[in-house]
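Enquirer: Okay, so here is upload-v4.txt, and as you'll see once you scroll down, it has compact mmCIF, C-alpha atoms.
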```
# COMPACT_ATOMS: atom_id res chain seq x y z
CA MET A 70 5.05 -26.58 9.05
CA HIS A 71 8.58 -25.82 7.79
CA SER A 72 7.84 -22.26 6.68
CA PRO A 73 7.45 -19.67 9.47
CA ALA A 74 5.16 -17.55 7.26
CA GLY A 75 3.03 -20.56 6.35
CA ARG A 76 2.88 -21.67 9.99
CA SER A 77 1.73 -18.21 11.02
CA VAL A 78 -1.11 -18.14 8.46
CA PHE A 79 -2.11 -21.72 9.30
CA ARG A 80 -2.15 -20.82 13.01
CA GLU A 81 -4.47 -17.89 12.30
CA PHE A 82 -6.71 -20.25 10.35
CA LEU A 83 -6.73 -22.72 13.25
CA ARG A 84 -7.73 -19.89 15.56
CA THR A 85 -10.83 -19.29 13.43
CA GLU A 86 -11.66 -23.00 13.79
CA TYR A 87 -11.08 -22.94 17.56
CA SER A 88 -8.24 -25.44 17.29
CA GLU A 89 -5.18 -23.23 17.63
CA GLU A 90 -4.11 -25.31 20.63
CA ASN A 91 -3.06 -28.08 18.24
CA MET A 92 -0.45 -25.86 16.60
CA LEU A 93 0.65 -24.41 19.95
CA PHE A 94 1.10 -27.92 21.34
CA TRP A 95 3.09 -29.03 18.28
CA LEU A 96 5.36 -25.97 18.54
CA ALA A 97 5.86 -26.50 22.29
CA CYS A 98 6.90 -30.11 21.60
CA GLU A 99 9.39 -28.95 18.97
CA GLU A 100 10.86 -26.50 21.47
CA LEU A 101 11.09 -29.24 24.10
CA LYS A 102 12.90 -31.59 21.72
CA ALA A 103 15.55 -28.93 21.12
CA GLU A 104 16.30 -28.56 24.85
CA ALA A 105 19.37 -30.26 26.35
CA ASN A 106 19.24 -29.00 29.94
CA GLN A 107 17.35 -31.59 32.01
CA HIS A 108 16.06 -29.03 34.53
CA VAL A 109 14.59 -26.99 31.68
CA VAL A 110 13.18 -30.17 30.09
CA ASP A 111 11.45 -31.04 33.38
CA GLU A 112 9.89 -27.57 33.62
CA LYS A 113 8.84 -27.38 29.96
CA ALA A 114 7.37 -30.90 30.10
CA ARG A 115 5.35 -29.95 33.18
CA LEU A 116 4.07 -26.80 31.46
CA ILE A 117 3.16 -28.68 28.27
CA TYR A 118 1.33 -31.27 30.35
CA GLU A 119 -0.59 -28.63 32.29
CA ASP A 120 -1.37 -26.52 29.22
CA TYR A 121 -2.30 -29.20 26.68
CA VAL A 122 -2.64 -32.70 28.15
CA SER A 123 -4.35 -32.17 31.50
CA ILE A 124 -8.10 -32.68 31.33
CA LEU A 125 -8.37 -29.51 33.42
CA SER A 126 -6.75 -27.36 30.76
CA PRO A 127 -8.91 -25.07 28.62
CA LYS A 128 -6.37 -25.71 25.80
CA GLU A 129 -6.49 -29.51 26.10
CA VAL A 130 -5.65 -31.30 22.85
CA SER A 131 -7.56 -34.38 21.75
CA LEU A 132 -5.47 -37.47 22.49
CA ASP A 133 -6.53 -41.08 22.62
CA SER A 134 -6.36 -42.92 25.95
CA ARG A 135 -3.32 -45.01 24.96
CA VAL A 136 -1.22 -41.93 24.19
CA ARG A 137 -2.49 -40.11 27.28
CA GLU A 138 -1.59 -43.08 29.52
CA GLY A 139 1.87 -43.22 27.96
CA ILE A 140 2.44 -39.56 28.74
CA ASN A 141 1.28 -40.04 32.31
CA LYS A 142 3.90 -42.77 32.77
CA LYS A 143 6.65 -40.77 31.06
CA MET A 144 5.95 -37.72 33.23
CA GLN A 145 7.52 -39.60 36.16
CA GLU A 146 10.87 -38.93 34.47
CA PRO A 147 10.27 -36.48 31.61
CA SER A 148 12.59 -36.32 28.63
CA ALA A 149 12.73 -34.19 25.52
CA HIS A 150 10.70 -36.96 23.82
CA THR A 151 7.94 -37.40 26.42
CA PHE A 152 5.30 -36.09 24.02
CA ASP A 153 6.51 -37.61 20.73
CA ASP A 154 3.53 -39.96 20.31
CA ALA A 155 1.09 -37.19 21.19
CA GLN A 156 2.82 -34.74 18.87
CA LEU A 157 2.54 -37.22 16.00
CA GLN A 158 -1.13 -37.82 16.78
CA ILE A 159 -1.87 -34.07 16.76
CA TYR A 160 0.18 -33.52 13.60
CA THR A 161 -1.78 -36.31 11.89
CA LEU A 162 -5.05 -34.78 13.08
CA MET A 163 -4.09 -31.38 11.66
CA HIS A 164 -2.84 -32.97 8.42
CA ARG A 165 -6.02 -34.97 7.84
CA ASP A 166 -8.60 -32.57 9.23
CA SER A 167 -7.63 -28.91 9.41
CA TYR A 168 -5.01 -28.68 6.68
CA PRO A 169 -7.26 -29.73 3.77
CA ARG A 170 -9.77 -27.04 4.83
CA PHE A 171 -6.91 -24.54 5.14
CA LEU A 172 -5.83 -25.28 1.55
CA SER A 173 -9.24 -24.16 0.27
CA SER A 174 -9.47 -21.12 2.57
CA PRO A 175 -9.16 -17.46 1.58
CA ALA A 176 -6.19 -17.18 3.98
CA TYR A 177 -4.22 -19.77 2.01
CA ARG A 178 -5.13 -18.19 -1.33
CA ALA A 179 -3.90 -14.84 0.00
CA LEU A 180 -0.64 -16.47 1.11
CA LEU A 181 -0.15 -17.89 -2.39
CA LEU A 182 -0.80 -14.52 -3.98
CA ARG A 183 1.71 -12.86 -1.64
CA GLY A 184 4.26 -15.52 -2.59
CA ARG A 185 3.67 -14.95 -6.30
CA SER A 186 3.93 -11.17 -6.03
CA THR A 187 7.18 -11.49 -4.04
CA SER A 188 8.59 -13.91 -6.64
CA SER A 189 7.62 -11.74 -9.59
CA SER A 190 9.02 -8.56 -8.00
CA GLU A 191 12.33 -10.33 -7.39
CA ALA A 192 12.65 -11.46 -11.03
```
Just give me the structure of the file as structure tokens.
Expert:
Amino acid sequence: MHSPAGRSVFREFLRTEYSEENMLFWLACEELKAEANQHVVDEKARLIYEDYVSILSPKEVSLDSRVREGINKKMQEPSAHTFDDAQLQIYTLMHRDSYPRFLSSPAYRALLLRGRSTSSSEA
């Protein structure tokens, strides 16, 4: 998740598994946490809620009821950390479920080969 190139390849992999919304949600939460302007925080929190938490959203992420209820309460006065519990839950889901499959995918092997060829051409 730290490498932009790795994130991009992982996101493409998630798209093939129809779970790209997990990465998009995680990235949106990271962007929200970096925001200091409260008016922007309010707007971004509302958009994240509508795009990923609302049961009406086609990109709804899978959250347990405890986390969902917590978000509903926090949305009364959103902060940059409104979605922290949900973000952790989605990160854990990706780490335990999607990421192990990604590590054995052709996309990951291609990423490794690109990394090796870049390293050897720099030497």
Enquirer: At most 10 Å from (-4.1, -32.0, 25.3), file frame, only C-alpha atoms: which residues, as a list in words?
Expert: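 Residues satisfying the cut-off, written out: Glu90, Asn91, Phe94, Ile117, Tyr118, Glu119, Asp120, Tyr121, Val122, Ser123, Ile124, Leu125, Ser126, Pro127, Lys128, Glu129, Val130, Ser131, Leu132, Asp133, Arg137, Ala155, Gln156 and Ile159 of chain A.
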Enquirer: Can you spit out the residues from that selection as a tab-separated table (two decimals), in the frame of the given file, using C-alpha atoms?
Expert:
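Saved file out.tsv follows:
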```tsv
chain	number	residue	atom	x	y	z
A	90	GLU	CA	-4.11	-25.31	20.63
A	91	ASN	CA	-3.06	-28.08	18.24
A	94	PHE	CA	1.10	-27.92	21.34
A	117	ILE	CA	3.16	-28.68	28.27
A	118	TYR	CA	1.33	-31.27	30.35
A	119	GLU	CA	-0.59	-28.63	32.29
A	120	ASP	CA	-1.37	-26.52	29.22
A	121	TYR	CA	-2.30	-29.20	26.68
A	122	VAL	CA	-2.64	-32.70	28.15
A	123	SER	CA	-4.35	-32.17	31.50
A	124	ILE	CA	-8.10	-32.68	31.33
A	125	LEU	CA	-8.37	-29.51	33.42
A	126	SER	CA	-6.75	-27.36	30.76
A	127	PRO	CA	-8.91	-25.07	28.62
A	128	LYS	CA	-6.37	-25.71	25.80
A	129	GLU	CA	-6.49	-29.51	26.10
A	130	VAL	CA	-5.65	-31.30	22.85
A	131	SER	CA	-7.56	-34.38	21.75
A	132	LEU	CA	-5.47	-37.47	22.49
A	133	ASP	CA	-6.53	-41.08	22.62
A	137	ARG	CA	-2.49	-40.11	27.28
A	155	ALA	CA	1.09	-37.19	21.19
A	156	GLN	CA	2.82	-34.74	18.87
A	159	ILE	CA	-1.87	-34.07	16.76
```
Enquirer: Just how far from CA of Leu116 (chain A) is CA of Glu100 (chain A), in Å to one decimal?
Expert: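 CA of Glu100 (chain A) sits 12.1 Å away from CA of Leu116 (chain A).
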Enquirer: Considering only C-alpha atoms, return as number ranges by chain whatever protein or nucleic-acid residues lie within 12 Å of Lys113 (chain A), sequence-local ones (same chain, fewer than 6 positions apart) excluded.
Expert: A: 94, 97-107, 119-121, 144, 147-152
Enquirer: State, in Å with one decimal place, the distance from CA of Gly184 (chain A) to CA of Tyr87 (chain A).
Expert: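 For CA of Gly184 (chain A) relative to CA of Tyr87 (chain A), the distance reads 26.4 Å.
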Enquirer: Give me, please, the distance in Å between CA of Leu162 (chain A) and CA of Ala114 (chain A), quoted to one decimal.
Expert: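 Computed distance, CA of Leu162 (chain A) to CA of Ala114 (chain A), equals 21.4 Å.
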Enquirer: Would you list the contacts of Phe79 (chain A) as a list in words, taking every protein, DNA or RNA residue within 12 Å and counting only C-alpha atoms, but skipping same-chain residues closer than 6 positions in sequence?
Expert: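 Neighbouring residues, sequence-local ones excluded: Met70, His71, Ser72, Pro73, Thr85, Glu86, Ser88, Glu89, Asn91, Met92, Leu93, Met163, His164, Ser167, Tyr168, Pro169, Arg170, Phe171, Leu172, Ser173, Ser174, Pro175, Ala176, Tyr177, Arg178, Ala179 and Leu180 of chain A.
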Enquirer: Could you dump the residues just selected with C-alpha atoms as an mmCIF file, in the frame of the given file?
Expert:
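That gives us part18.cif:
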```
data_model
loop_
_atom_site.group_PDB
_atom_site.id
_atom_site.type_symbol
_atom_site.label_atom_id
_atom_site.label_comp_id
_atom_site.auth_asym_id
_atom_site.auth_seq_id
_atom_site.Cartn_x
_atom_site.Cartn_y
_atom_site.Cartn_z
ATOM 1 C CA MET A 70 5.050 -26.580 9.050
ATOM 2 C CA HIS A 71 8.580 -25.820 7.790
ATOM 3 C CA SER A 72 7.840 -22.260 6.680
ATOM 4 C CA PRO A 73 7.450 -19.670 9.470
ATOM 5 C CA THR A 85 -10.830 -19.290 13.430
ATOM 6 C CA GLU A 86 -11.660 -23.000 13.790
ATOM 7 C CA SER A 88 -8.240 -25.440 17.290
ATOM 8 C CA GLU A 89 -5.180 -23.230 17.630
ATOM 9 C CA ASN A 91 -3.060 -28.080 18.240
ATOM 10 C CA MET A 92 -0.450 -25.860 16.600
ATOM 11 C CA LEU A 93 0.650 -24.410 19.950
ATOM 12 C CA MET A 163 -4.090 -31.380 11.660
ATOM 13 C CA HIS A 164 -2.840 -32.970 8.420
ATOM 14 C CA SER A 167 -7.630 -28.910 9.410
ATOM 15 C CA TYR A 168 -5.010 -28.680 6.680
ATOM 16 C CA PRO A 169 -7.260 -29.730 3.770
ATOM 17 C CA ARG A 170 -9.770 -27.040 4.830
ATOM 18 C CA PHE A 171 -6.910 -24.540 5.140
ATOM 19 C CA LEU A 172 -5.830 -25.280 1.550
ATOM 20 C CA SER A 173 -9.240 -24.160 0.270
ATOM 21 C CA SER A 174 -9.470 -21.120 2.570
ATOM 22 C CA PRO A 175 -9.160 -17.460 1.580
ATOM 23 C CA ALA A 176 -6.190 -17.180 3.980
ATOM 24 C CA TYR A 177 -4.220 -19.770 2.010
ATOM 25 C CA ARG A 178 -5.130 -18.190 -1.330
ATOM 26 C CA ALA A 179 -3.900 -14.840 0.000
ATOM 27 C CA LEU A 180 -0.640 -16.470 1.110
#
```
